[in-house]
There are 4 protein chains.
Amino acid sequence: MRALRKMQPARGLSFETATVPGIAPTDVLVRVKTASICGTDLHIYGWDRWSQGRIKPPVTLGHEFCGVVDRVGDEVTAVRVGDFVSAEMHVNCGHCHQCRVGEAHICQNLRIIGIDQDGAFAEFVKIPASNIIKLDPSIPEHYGAILDPLGNAVHTVLAGAIAGRTVLVTGCGPIGLMSIAVAKACGSSTVFATETNEQRRVMAKRMGADVVLNPAAEDAVKKILAETDSTGVDVLLEMSGHPGAIDDGFKALRMGGTAALLGIPSRAISFDLSNHVIFKGATVLGINGRRMFETWYQMEELLLSGRLELDEIVTHQIPFADFAKGFALMQSGEGIKIVMNVAD
Amino acid sequence: MRALRKMQPARGLSFETATVPGIAPTDVLVRVKTASICGTDLHIYGWDRWSQGRIKPPVTLGHEFCGVVDRVGDEVTAVRVGDFVSAEMHVNCGHCHQCRVGEAHICQNLRIIGIDQDGAFAEFVKIPASNIIKLDPSIPEHYGAILDPLGNAVHTVLAGAIAGRTVLVTGCGPIGLMSIAVAKACGSSTVFATETNEQRRVMAKRMGADVVLNPAAEDAVKKILAETDSTGVDVLLEMSGHPGAIDDGFKALRMGGTAALLGIPSRAISFDLSNHVIFKGATVLGINGRRMFETWYQMEELLLSGRLELDEIVTHQIPFADFAKGFALMQSGEGIKIVMNVAD
Amino acid sequence: MRALRKMQPARGLSFETATVPGIAPTDVLVRVKTASICGTDLHIYGWDRWSQGRIKPPVTLGHEFCGVVDRVGDEVTAVRVGDFVSAEMHVNCGHCHQCRVGEAHICQNLRIIGIDQDGAFAEFVKIPASNIIKLDPSIPEHYGAILDPLGNAVHTVLAGAIAGRTVLVTGCGPIGLMSIAVAKACGSSTVFATETNEQRRVMAKRMGADVVLNPAAEDAVKKILAETDSTGVDVLLEMSGHPGAIDDGFKALRMGGTAALLGIPSRAISFDLSNHVIFKGATVLGINGRRMFETWYQMEELLLSGRLELDEIVTHQIPFADFAKGFALMQSGEGIKIVMNVAD
Amino acid sequence: MRALRKMQPARGLSFETATVPGIAPTDVLVRVKTASICGTDLHIYGWDRWSQGRIKPPVTLGHEFCGVVDRVGDEVTAVRVGDFVSAEMHVNCGHCHQCRVGEAHICQNLRIIGIDQDGAFAEFVKIPASNIIKLDPSIPEHYGAILDPLGNAVHTVLAGAIAGRTVLVTGCGPIGLMSIAVAKACGSSTVFATETNEQRRVMAKRMGADVVLNPAAEDAVKKILAETDSTGVDVLLEMSGHPGAIDDGFKALRMGGTAALLGIPSRAISFDLSNHVIFKGATVLGINGRRMFETWYQMEELLLSGRLELDEIVTHQIPFADFAKGFALMQSGEGIKIVMNVAD
């Protein structure tokens with residue numbers, strides 16, 4: 001089968017012919033329909049420091065996808081051949097403390113399919129049956145390919161109360177943009193968004209943000225306080241990992257507000273814990289992955305409710321063979337989400 | 001001033017000339033713009049058993065309204081003459097256990113303006129400044145008149161998680177109908193509604209219910225289970241107070257689901273606590289009034305978000321002088337919410 | 001091996017010679033050290049209506065136990081031969097909605113070891129590795145035998161906030177008594193208990209209840225209100241399943257209080273939903289089993305904290321061979337928890 | 001009356017003769033029995049930078065106290081002459097967003113009695129009736145004097161779940177020590193504590209800490225991980241405000257754990273948000289003051305439960321006239337809590 005693989009510990013990826021994976025009794029083999037390129041895939045392509053420490057070539061990339069079940073292991077009962085599915089690609093150990101108290105998404109021994117073992121940038125991918133998510137057939141395939149990052153957005157937005165609340169999204173990359181749409185669909189009132197890239201600010205507006213600010217050109221904190229009667233926003237959704245945005249975000253958060261943090265600063269930052277958290281009586285929530293599997297149910301239901309519109313975010317759909325173009329579109333920032341049609 | 005009053009311990013209400021209320025240093029006098037007729041007003045009009053035990057004539061009715069501040073007491077600083085306002089008409093004592101732990105809506109010594117003292121079916125109404133709710137001027141006056149019942153709906157819907165969840169609303173009176181709209185605006189997925197009255201079923205559909213059932217004509221529980229993969233709904237919003245609807249509601253609730261109860265059964269009912277609550281691992285929430293004043297903030301923000309559309313529910317707007325027609329429309333079931341223009 | 005089994009669909013149990021169970025690759029074989037008799041075992045012994053519908057003889061009873069791991073299946077990595085263990089005997093399916101959203105204790109397809117398949121009243125018992133709970137070796141074996149009901153108590157007490165709260169326990173059977181001790185260990189203030197049996201009232205006092213009342217001889221509700229400044233208790237832990245106790249419990253619960261219900265009424269009861277739940281703004285929590293496996297961690301930590309003293313509750317320790325005496329002690333009410341030494 | 005006052009914008013305090021405060025209709029005049037010296041009082045005494053910006057001499061200090069009601073204003077109904085009381089000295093505005101949604105402890109316009117206006121280091125202190133806390137007469141006066149910091153401890157400990165959980169307290173000043181005792185009384189299991197001062201480590205052990213570590217002399221994080229099966233603690237209670245202790249605390253916190261922060265770093269610190277919060281899926285809670293007035297109820301109930309023993313913490317009880325000695329004992333670190341007998 002065709003597969004997009006990292007063959008050497010160096011920059012680049014290549015289209016290879018690989019063997020269709022064999023499956024164990026509790027596994028499922030999925031024929032991939034569509035797959036989407038994640039920022040993490042770019043890092044691995046570019047072979048940055050993090051990749052050098054984590055990735056062991058050769059390995060097939062790809063952890064955002066949907067497809068149709070092709071074969072199931074002997075002990076699999078809850079998944080059937082022909083099911084339209086996606087999958088949670090974080091595979092938990094099942095026996096650490098976190099796994100046993102319902103926090104499998106922060107398992108101490110987490111492995112990621114498409115990072116630590118062969119992934120979904122291939123005609124077929126092997127997945128443990130317990131990680132398979134059956135999808136309603138009415139969900140379109142280009143949405144099926146982006147459920148992994150959408151799940152990050154849903155996990156972040158629904159980590160605290162959101163209905164009837166004012167919200168600030170700092171950073172309008174793909175997940176930030178999705179968060180805007182999710183927050184609006186879940187009853188948030190005024191949504192502020194900050195972003196330095198103009199194209200993304202335009203997109204933020206389209207996703208439903210009420211007030212979009214460029215912190216490089218204006219005093220975003222001051223404007224947000226002015227629009228909220230000097231109180232600040234109820235909820236901060238931090239999607240940038242950028243120290244300045246984090247600082248602004250907490251300054252714009254009201255006393256007693258909730259901050260859900262998904263963006264990853266690349267190192268320790270200078271942080272005003274006293275004013276941002278303690279005096280403020282804030283609640284700060286670190287967000288990682290998707291809750292297994294509550295987030296998936298919430299996400300599917302939100303999609304089926306018809307109030308979550310994400311078409312704008314899938315800026316490009318390309319043939320699998322054009323993967324290099326897809327990576328280039330991501331690199332340039334021109335693409336938000338690129339969906340590859342793997343099955344064609 | 002003109003006022004709609006209960007003058008005698010007997011059926012009926014009358015239009016009277018009353019003195020404009022004097023205000024204490026911590027009170028506010030509001031010139032009423034619009035007011036809406038509550039089911040409770042019907043009970044008092046009809047002088048039912050409950051009314052006979054509670055109401056002490058003479059008293060001016062009316063607890064759903066909005067208006068403009070006409071005068072403020074000497075110690076009032078947070079409300080100004082000219083402010084567009086509504087008010088929480090439940091007045092709490094401030095010093096019982098519940099008041100002191102943030103549960104003022106279930107104060108042990110609650111008094112209700114328009115029930116226990118003169119209310120808002122009058123040109124002017126006196127309100128303690130701390131119960132005044134300032135409204136954004138963009139909120140239309142016919143919405144301002146129905147915030148009290150809308151607050152009941154918002155309190156019920158937001159008592160538990162709602163985004164990405166399936167919901168059943170049992171009973172589509174005014175608050176049930178509002179609950180459908182609020183649940184959809186807050187990201188609920190499939191909303192089922194049950195109601196025996198045809199006009200209200202039509203309205204339920206208009207408010208956004210996905211599946212509307214007539215339990216008098218079909219097996220509603222069976223249909224709901226069929227549509228939810230035999231699992232049942234995540235959330236029950238009980239708005240009828242009817243024993244059969246309550247029983248059906250709990251039967252259709254999934255294991256581990258949440259039931260928020262606002263409808264009031266008129267007496268003790270036969271209830272299958274074992275199967276409905278205990279084995280089911282259900283969470284049951286009794287709902288009373290509106291949280292002071294969190295519910296009001298949530299409600300205003302939901303209205304300002306533009307995703308909560310309630311125009312259909314205000315079936316009639318009439319002059320204050322035509323109050324008798326309004327009460328008749330309510331009695332017949334033809335009116336859902338009747339708003340009286342008091343200021344004209 | 002020796003096993004205590006139900007051989008016929010009729011009253012009684014018998015000591016049989018049975019084959020040591022074979023184990024699958026994901027199973028564990030445990031050599032039982034101690035086991036305790038549950039009220040459910042009495043029902044099965046007596047062959048009541050419920051048993052007739054549920055139990056399929058022949059089957060070995062017993063679901064409260066501890067022991068030492070004797071053998072593990074080929075795929076088991078997290079449990080080792082020689083580990084001191086107990087087990088969650090509710091076996092969940094892993095793929096229903098509840099299992100996938102972290103509510104495995106109310107799995108739609110739950111099977112119980114010792115009820116639906118051979119249990120722990122035997123020298124050896126087979127358990128899926130994922131249901132095994134490793135115990136700290138410092139936990140005594142007579143405690144290890146009663147973790148199943150203790151887990152019910154811990155689940156109930158910790159279902160809502162308990163520290164610094166007044167509590168009423170209605171019904172002082174084994175789990176009610178354990179709940180008193182758990183509530184006190186978790187910082188509850190005044191604990192009231194109601195019970196008609198004198199021996200159990202004495203025991204309730206020993207477990208730490210501050211005020212123990214006999215509802216058959218005194219007006220328990222009135223006394224509780226008098227002792228709580230007419231406010232009522234913050235928390236009701238319902239352990240009796242008795243309609244009168246349930247009614248009293250809710251009458252004594254404060255406005256805004258929390259009721260956790262574990263006792264099972266045998267049929268639908270007359271219940272004043274309006275006054276007990278709705279007007280009261282109460283939160284009612286149905287409790288079933290133990291949370292998998294958070295309750296087990298909480299329970300073990302509470303035992304290790306040294307503040308949870310349960311010796312009094314294990315009224316008798318007897319040889320396995322004397323099981324008939326144990327069942328008789330339970331039947332007469334003389335025994336609270338009877339622990340059988342299976343390994344001797 | 002005698003009063004301990006700051007008369008000049010400079011180092012020092014002096015014993016003055018002051019007029020007994022007059023009271024408004026909603027105020028209460030309390031005859032002070034005992035009062036305790038807070039670390040904040042030391043800062044004001046020393047006239048540090050913070051004091052220079054906040055304190056407007058002349059002002060009477062003192063915000064930790066208890067006493068007996070001497071006189072009540074005309075409109076006061078819930079407090080009576082002769083009541084044994086303490087008071088929440090944070091006075092909220094009542095009309096900001098936070099006050100109106102039940103978060104009065106983080107009011108936008110908070111004023112503190114004993115900081116912003118005359119306090120309780122005097123024979124009489126004036127308090128708004130709504131801030132008065134009635135105390136059970138069985139609570140001893142030296143406990144009554146330390147309820148303000150005890151409330152900080154109770155607020156912090158009960159901000160998240162604590163029963164059956166492992167805990168780390170970083171920093172064993174007065175509130176850290178109280179937190180240890182509160183955590184144990186509320187069912188925490190192993191409590192770790194870190195502290196560089198030897199006397200305080202001894203005290204931590206006496207308050208119930210299971211493992212007390214000196215981070216200046218040993219690798220505290222490593223030891224905590226070793227004792228928790230490499231998982232880390234469930235709960236971090238940060239009481240030091242020290243950057244190193246904060247860093248260690250988060251390193252020792254388990255994935256998915258909860259950190260409640262009360263200690264105040266004096267400036268922005270270097271903080272590893274990615275590893276400490278985001279990847280960890282942690283919940284971080286900023287703690288400020290005491291919840292009005294839920295914390296006070298919890299605190300009183302915990303004291304009345306008899307499981308919270310704090311005598312060791314009140315290291316010295318001195319006459320009011322010896323205040324200088326009290327401040328010196330605090331300054332030297334020899335005193336933990338110094339209670340002054342004001343009434344003698």
# chains A, B, ... in the order shown; residues from 1 in each chain; ligands from 1

call {"tool": "residues_around", "arguments": {"residues": "segment 110-125 of chain D", "least_positions_apart": "3", "cutoff": "6 Å", "atoms": "only C-alpha atoms", "output": "list of chain:residue names"}}
result
D:Met1, D:Arg2, D:Ala3, D:Leu4, D:Leu29, D:Val30, D:Arg31, D:Val32, D:Val59, D:Thr60, D:Leu61, D:Gly62, D:His63, D:Met89, D:His90, D:Val91, D:Asn92, D:Cys107

call {"tool": "interface_residues", "arguments": {"of": "chain D", "to": "chain B", "cutoff": "9 Å", "atoms": "only C-alpha atoms", "output": "ChimeraX atom specification"}}
result
/D:78,94-97,100-103,130,291-295,297

call {"tool": "write_last_selection", "arguments": {"atoms": "C-alpha atoms", "output": "PDB file, in the first residue's frame"}}
result
ATOM      1  CA  ALA D  78     -29.881  39.321  62.908  1.00  0.00           C
ATOM      2  CA  GLY D  94     -22.485  44.547  46.887  1.00  0.00           C
ATOM      3  CA  HIS D  95     -23.050  45.717  43.338  1.00  0.00           C
ATOM      4  CA  CYS D  96     -20.058  44.764  41.153  1.00  0.00           C
ATOM      5  CA  HIS D  97     -20.266  41.749  38.851  1.00  0.00           C
ATOM      6  CA  ARG D 100     -23.794  39.797  42.239  1.00  0.00           C
ATOM      7  CA  VAL D 101     -22.751  36.314  41.109  1.00  0.00           C
ATOM      8  CA  GLY D 102     -21.774  34.996  44.546  1.00  0.00           C
ATOM      9  CA  GLU D 103     -18.053  35.784  44.438  1.00  0.00           C
ATOM     10  CA  SER D 130     -23.760  41.730  57.379  1.00  0.00           C
ATOM     11  CA  ARG D 291     -15.759  32.655  50.634  1.00  0.00           C
ATOM     12  CA  MET D 292     -18.509  34.851  52.017  1.00  0.00           C
ATOM     13  CA  PHE D 293     -19.694  33.223  54.069  1.00  0.00           C
ATOM     14  CA  GLU D 294     -19.519  29.564  53.207  1.00  0.00           C
ATOM     15  CA  THR D 295     -15.950  29.263  54.448  1.00  0.00           C
ATOM     16  CA  TYR D 297     -19.679  27.931  58.221  1.00  0.00           C
TER      17      TYR D 297
END

call {"tool": "residues_around", "arguments": {"residues": "Lys223 of chain D", "least_positions_apart": "5", "cutoff": "9 Å", "atoms": "only C-alpha atoms", "output": "list in words"}}
result
Leu213, Glu218 and Thr228 of chain D

call {"tool": "write_last_selection", "arguments": {"atoms": "C-alpha atoms", "output": "short mmCIF file (atom, residue, chain, number, x, y, z; two decimals), in the first residue's frame"}}
result
data_model
loop_
_atom_site.label_atom_id
_atom_site.label_comp_id
_atom_site.auth_asym_id
_atom_site.auth_seq_id
_atom_site.Cartn_x
_atom_site.Cartn_y
_atom_site.Cartn_z
CA LEU D 213 10.94 17.53 54.20
CA GLU D 218 17.21 17.03 50.49
CA THR D 228 3.76 7.91 45.69
#

call {"tool": "residues_around", "arguments": {"residues": "Gly39 of chain A", "least_positions_apart": "2", "cutoff": "12 Å", "atoms": "only C-alpha atoms", "output": "ChimeraX atom specification"}}
result
/A:36-37,41-46,61-64,149,173-175,326-333,335-338

call {"tool": "write_last_selection", "arguments": {"atoms": "N, CA and C atoms", "output": "PDB file, in the first residue's frame"}}
result
ATOM      1  N   SER A  36      -5.766  14.561   7.515  1.00  0.00           N
ATOM      2  CA  SER A  36      -5.428  15.978   7.554  1.00  0.00           C
ATOM      3  C   SER A  36      -4.039  16.169   8.166  1.00  0.00           C
ATOM      4  N   ILE A  37      -3.383  17.252   7.732  1.00  0.00           N
ATOM      5  CA  ILE A  37      -2.013  17.516   8.179  1.00  0.00           C
ATOM      6  C   ILE A  37      -2.047  18.381   9.431  1.00  0.00           C
ATOM      7  N   ASP A  41       2.900  17.304  12.362  1.00  0.00           N
ATOM      8  CA  ASP A  41       3.473  16.668  11.171  1.00  0.00           C
ATOM      9  C   ASP A  41       4.521  17.587  10.528  1.00  0.00           C
ATOM     10  N   LEU A  42       4.245  18.889  10.529  1.00  0.00           N
ATOM     11  CA  LEU A  42       5.224  19.851  10.001  1.00  0.00           C
ATOM     12  C   LEU A  42       6.530  19.791  10.772  1.00  0.00           C
ATOM     13  N   HIS A  43       6.409  19.713  12.117  1.00  0.00           N
ATOM     14  CA  HIS A  43       7.612  19.637  12.947  1.00  0.00           C
ATOM     15  C   HIS A  43       8.423  18.395  12.596  1.00  0.00           C
ATOM     16  N   ILE A  44       7.723  17.285  12.387  1.00  0.00           N
ATOM     17  CA  ILE A  44       8.425  16.038  12.100  1.00  0.00           C
ATOM     18  C   ILE A  44       9.052  16.111  10.700  1.00  0.00           C
ATOM     19  N   TYR A  45       8.299  16.688   9.770  1.00  0.00           N
ATOM     20  CA  TYR A  45       8.838  16.912   8.419  1.00  0.00           C
ATOM     21  C   TYR A  45      10.143  17.702   8.506  1.00  0.00           C
ATOM     22  N   GLY A  46      10.089  18.798   9.290  1.00  0.00           N
ATOM     23  CA  GLY A  46      11.263  19.689   9.381  1.00  0.00           C
ATOM     24  C   GLY A  46      12.366  19.138  10.266  1.00  0.00           C
ATOM     25  N   LEU A  61       3.538   8.631   9.230  1.00  0.00           N
ATOM     26  CA  LEU A  61       2.884   9.713   9.982  1.00  0.00           C
ATOM     27  C   LEU A  61       1.359   9.636   9.844  1.00  0.00           C
ATOM     28  N   GLY A  62       0.686  10.664  10.450  1.00  0.00           N
ATOM     29  CA  GLY A  62      -0.759  10.818  10.257  1.00  0.00           C
ATOM     30  C   GLY A  62      -1.594  10.396  11.446  1.00  0.00           C
ATOM     31  N   HIS A  63      -2.232  11.389  12.098  1.00  0.00           N
ATOM     32  CA  HIS A  63      -3.098  11.034  13.242  1.00  0.00           C
ATOM     33  C   HIS A  63      -4.449  11.755  13.185  1.00  0.00           C
ATOM     34  N   GLU A  64      -4.733  12.409  12.056  1.00  0.00           N
ATOM     35  CA  GLU A  64      -6.052  13.032  11.870  1.00  0.00           C
ATOM     36  C   GLU A  64      -6.658  12.385  10.629  1.00  0.00           C
ATOM     37  N   PRO A 149      -8.150  17.640  15.948  1.00  0.00           N
ATOM     38  CA  PRO A 149      -8.006  19.022  16.451  1.00  0.00           C
ATOM     39  C   PRO A 149      -9.332  19.629  16.908  1.00  0.00           C
ATOM     40  N   GLY A 173      -4.881  30.104  15.271  1.00  0.00           N
ATOM     41  CA  GLY A 173      -4.499  28.985  14.430  1.00  0.00           C
ATOM     42  C   GLY A 173      -5.726  28.089  14.262  1.00  0.00           C
ATOM     43  N   PRO A 174      -5.551  26.922  13.643  1.00  0.00           N
ATOM     44  CA  PRO A 174      -6.704  26.053  13.376  1.00  0.00           C
ATOM     45  C   PRO A 174      -7.557  25.769  14.611  1.00  0.00           C
ATOM     46  N   ILE A 175      -6.908  25.426  15.733  1.00  0.00           N
ATOM     47  CA  ILE A 175      -7.693  25.062  16.923  1.00  0.00           C
ATOM     48  C   ILE A 175      -8.322  26.301  17.549  1.00  0.00           C
ATOM     49  N   GLY A 326       0.511  20.156   0.054  1.00  0.00           N
ATOM     50  CA  GLY A 326      -0.214  20.356   1.318  1.00  0.00           C
ATOM     51  C   GLY A 326       0.708  20.854   2.422  1.00  0.00           C
ATOM     52  N   PHE A 327       1.861  20.201   2.545  1.00  0.00           N
ATOM     53  CA  PHE A 327       2.811  20.638   3.570  1.00  0.00           C
ATOM     54  C   PHE A 327       3.276  22.066   3.303  1.00  0.00           C
ATOM     55  N   ALA A 328       3.440  22.409   2.033  1.00  0.00           N
ATOM     56  CA  ALA A 328       3.883  23.759   1.681  1.00  0.00           C
ATOM     57  C   ALA A 328       2.811  24.793   2.032  1.00  0.00           C
ATOM     58  N   LEU A 329       1.557  24.458   1.784  1.00  0.00           N
ATOM     59  CA  LEU A 329       0.457  25.373   2.114  1.00  0.00           C
ATOM     60  C   LEU A 329       0.382  25.607   3.631  1.00  0.00           C
ATOM     61  N   MET A 330       0.625  24.566   4.373  1.00  0.00           N
ATOM     62  CA  MET A 330       0.616  24.695   5.832  1.00  0.00           C
ATOM     63  C   MET A 330       1.779  25.586   6.276  1.00  0.00           C
ATOM     64  N   GLN A 331       2.954  25.294   5.707  1.00  0.00           N
ATOM     65  CA  GLN A 331       4.167  26.024   6.067  1.00  0.00           C
ATOM     66  C   GLN A 331       4.006  27.524   5.812  1.00  0.00           C
ATOM     67  N   SER A 332       3.408  27.849   4.695  1.00  0.00           N
ATOM     68  CA  SER A 332       3.268  29.263   4.315  1.00  0.00           C
ATOM     69  C   SER A 332       2.191  29.978   5.130  1.00  0.00           C
ATOM     70  N   GLY A 333       1.363  29.199   5.808  1.00  0.00           N
ATOM     71  CA  GLY A 333       0.263  29.817   6.553  1.00  0.00           C
ATOM     72  C   GLY A 333      -0.954  30.042   5.675  1.00  0.00           C
ATOM     73  N   GLY A 335      -2.684  27.713   4.168  1.00  0.00           N
ATOM     74  CA  GLY A 335      -3.671  26.683   4.505  1.00  0.00           C
ATOM     75  C   GLY A 335      -3.987  26.701   5.996  1.00  0.00           C
ATOM     76  N   ILE A 336      -5.268  26.547   6.328  1.00  0.00           N
ATOM     77  CA  ILE A 336      -5.618  26.384   7.752  1.00  0.00           C
ATOM     78  C   ILE A 336      -5.663  24.878   8.012  1.00  0.00           C
ATOM     79  N   LYS A 337      -6.674  24.193   7.481  1.00  0.00           N
ATOM     80  CA  LYS A 337      -6.646  22.739   7.513  1.00  0.00           C
ATOM     81  C   LYS A 337      -6.623  22.229   6.072  1.00  0.00           C
ATOM     82  N   ILE A 338      -5.668  21.342   5.777  1.00  0.00           N
ATOM     83  CA  ILE A 338      -5.514  20.715   4.468  1.00  0.00           C
ATOM     84  C   ILE A 338      -5.978  19.272   4.604  1.00  0.00           C
TER      85      ILE A 338
END

call {"tool": "closest_residue", "arguments": {"among": "D:Thr26, D:Thr40, D:Asn214, D:Ser188", "to": "Arg200 of chain D", "atoms": "only C-alpha atoms"}}
result
D:Asn214

call {"tool": "select_by_dssp", "arguments": {"residues": "segment 35-270 of chain B", "states": "helix (DSSP H, G or I)", "output": "PyMOL selection string"}}
result
chain B and resi 39-46+49-54+97-100+104-106+129-131+141-144+147-157+174-185+198-206+220-227+243-252

call {"tool": "write_last_selection", "arguments": {"atoms": "C-alpha atoms", "output": "mmCIF file, in the first residue's frame"}}
result
data_model
loop_
_atom_site.group_PDB
_atom_site.id
_atom_site.type_symbol
_atom_site.label_atom_id
_atom_site.label_comp_id
_atom_site.auth_asym_id
_atom_site.auth_seq_id
_atom_site.Cartn_x
_atom_site.Cartn_y
_atom_site.Cartn_z
ATOM 1 C CA GLY B 39 -49.795 31.389 35.450
ATOM 2 C CA THR B 40 -49.589 32.331 39.126
ATOM 3 C CA ASP B 41 -51.573 35.499 38.361
ATOM 4 C CA LEU B 42 -54.296 33.273 36.904
ATOM 5 C CA HIS B 43 -54.411 31.247 40.120
ATOM 6 C CA ILE B 44 -54.786 34.430 42.160
ATOM 7 C CA TYR B 45 -57.424 35.756 39.784
ATOM 8 C CA GLY B 46 -59.358 32.488 40.169
ATOM 9 C CA ARG B 49 -56.766 27.120 47.389
ATOM 10 C CA TRP B 50 -53.146 28.155 47.222
ATOM 11 C CA SER B 51 -54.127 31.825 46.729
ATOM 12 C CA GLN B 52 -56.492 31.714 49.665
ATOM 13 C CA GLY B 53 -53.642 30.619 51.916
ATOM 14 C CA ARG B 54 -51.058 33.037 50.599
ATOM 15 C CA HIS B 97 -28.136 30.118 56.260
ATOM 16 C CA GLN B 98 -29.010 29.941 52.550
ATOM 17 C CA CYS B 99 -28.582 33.698 52.002
ATOM 18 C CA ARG B 100 -25.171 33.598 53.634
ATOM 19 C CA ALA B 104 -30.417 33.394 48.201
ATOM 20 C CA HIS B 105 -32.922 32.012 45.677
ATOM 21 C CA ILE B 106 -33.972 29.470 48.326
ATOM 22 C CA ALA B 129 -32.140 48.621 44.777
ATOM 23 C CA SER B 130 -30.288 45.350 45.324
ATOM 24 C CA ASN B 131 -32.977 43.474 43.358
ATOM 25 C CA GLU B 141 -39.452 45.765 25.905
ATOM 26 C CA HIS B 142 -41.537 42.685 25.143
ATOM 27 C CA TYR B 143 -38.510 40.564 26.072
ATOM 28 C CA GLY B 144 -37.927 42.709 29.156
ATOM 29 C CA LEU B 147 -37.327 37.742 31.908
ATOM 30 C CA ASP B 148 -38.736 36.217 35.086
ATOM 31 C CA PRO B 149 -39.983 33.006 33.362
ATOM 32 C CA LEU B 150 -37.065 33.049 30.921
ATOM 33 C CA GLY B 151 -34.845 33.040 34.001
ATOM 34 C CA ASN B 152 -36.624 29.904 35.222
ATOM 35 C CA ALA B 153 -35.837 28.275 31.892
ATOM 36 C CA VAL B 154 -32.202 29.399 31.894
ATOM 37 C CA HIS B 155 -31.759 28.288 35.517
ATOM 38 C CA THR B 156 -33.157 24.852 34.664
ATOM 39 C CA VAL B 157 -31.250 24.335 31.405
ATOM 40 C CA PRO B 174 -44.303 28.928 28.315
ATOM 41 C CA ILE B 175 -41.243 27.900 30.355
ATOM 42 C CA GLY B 176 -40.972 24.528 28.612
ATOM 43 C CA LEU B 177 -40.991 26.276 25.243
ATOM 44 C CA MET B 178 -38.370 28.761 26.380
ATOM 45 C CA SER B 179 -36.243 25.863 27.647
ATOM 46 C CA ILE B 180 -36.185 24.328 24.184
ATOM 47 C CA ALA B 181 -34.850 27.557 22.701
ATOM 48 C CA VAL B 182 -32.325 28.020 25.506
ATOM 49 C CA ALA B 183 -31.070 24.421 25.243
ATOM 50 C CA LYS B 184 -30.538 24.748 21.484
ATOM 51 C CA ALA B 185 -28.765 28.098 21.925
ATOM 52 C CA GLU B 198 -51.428 20.416 19.624
ATOM 53 C CA GLN B 199 -50.892 24.180 19.427
ATOM 54 C CA ARG B 200 -48.005 23.877 21.859
ATOM 55 C CA ARG B 201 -46.470 20.982 19.935
ATOM 56 C CA VAL B 202 -46.425 23.208 16.860
ATOM 57 C CA MET B 203 -44.780 25.933 18.917
ATOM 58 C CA ALA B 204 -42.229 23.454 20.344
ATOM 59 C CA LYS B 205 -41.143 22.649 16.818
ATOM 60 C CA ARG B 206 -40.776 26.354 16.047
ATOM 61 C CA ALA B 220 -43.030 8.562 23.630
ATOM 62 C CA VAL B 221 -40.539 6.632 25.764
ATOM 63 C CA LYS B 222 -40.206 3.910 23.158
ATOM 64 C CA LYS B 223 -39.617 6.444 20.380
ATOM 65 C CA ILE B 224 -36.991 8.321 22.372
ATOM 66 C CA LEU B 225 -35.138 5.115 23.203
ATOM 67 C CA ALA B 226 -35.288 4.080 19.548
ATOM 68 C CA GLU B 227 -33.771 7.398 18.469
ATOM 69 C CA PRO B 243 -47.064 12.445 37.253
ATOM 70 C CA GLY B 244 -47.280 10.609 33.928
ATOM 71 C CA ALA B 245 -44.864 12.969 32.221
ATOM 72 C CA ILE B 246 -42.454 12.715 35.150
ATOM 73 C CA ASP B 247 -42.571 8.926 34.966
ATOM 74 C CA ASP B 248 -42.021 8.927 31.202
ATOM 75 C CA GLY B 249 -39.239 11.468 31.542
ATOM 76 C CA PHE B 250 -37.268 9.324 33.939
ATOM 77 C CA LYS B 251 -37.881 6.209 31.845
ATOM 78 C CA ALA B 252 -36.374 8.004 28.846
#

call {"tool": "atom_distance", "arguments": {"atom1": "atom CA of Met340 of chain A", "atom2": "atom CA of Phe323 of chain A"}}
result
7.2 Å

call {"tool": "atom_distance", "arguments": {"atom1": "atom CA of Val212 of chain D", "atom2": "atom CA of Lys134 of chain C"}}
result
26.9 Å

call {"tool": "atom_distance", "arguments": {"atom1": "atom CA of Ile146 of chain C", "atom2": "atom CA of Glu301 of chain C"}}
result
15.2 Å
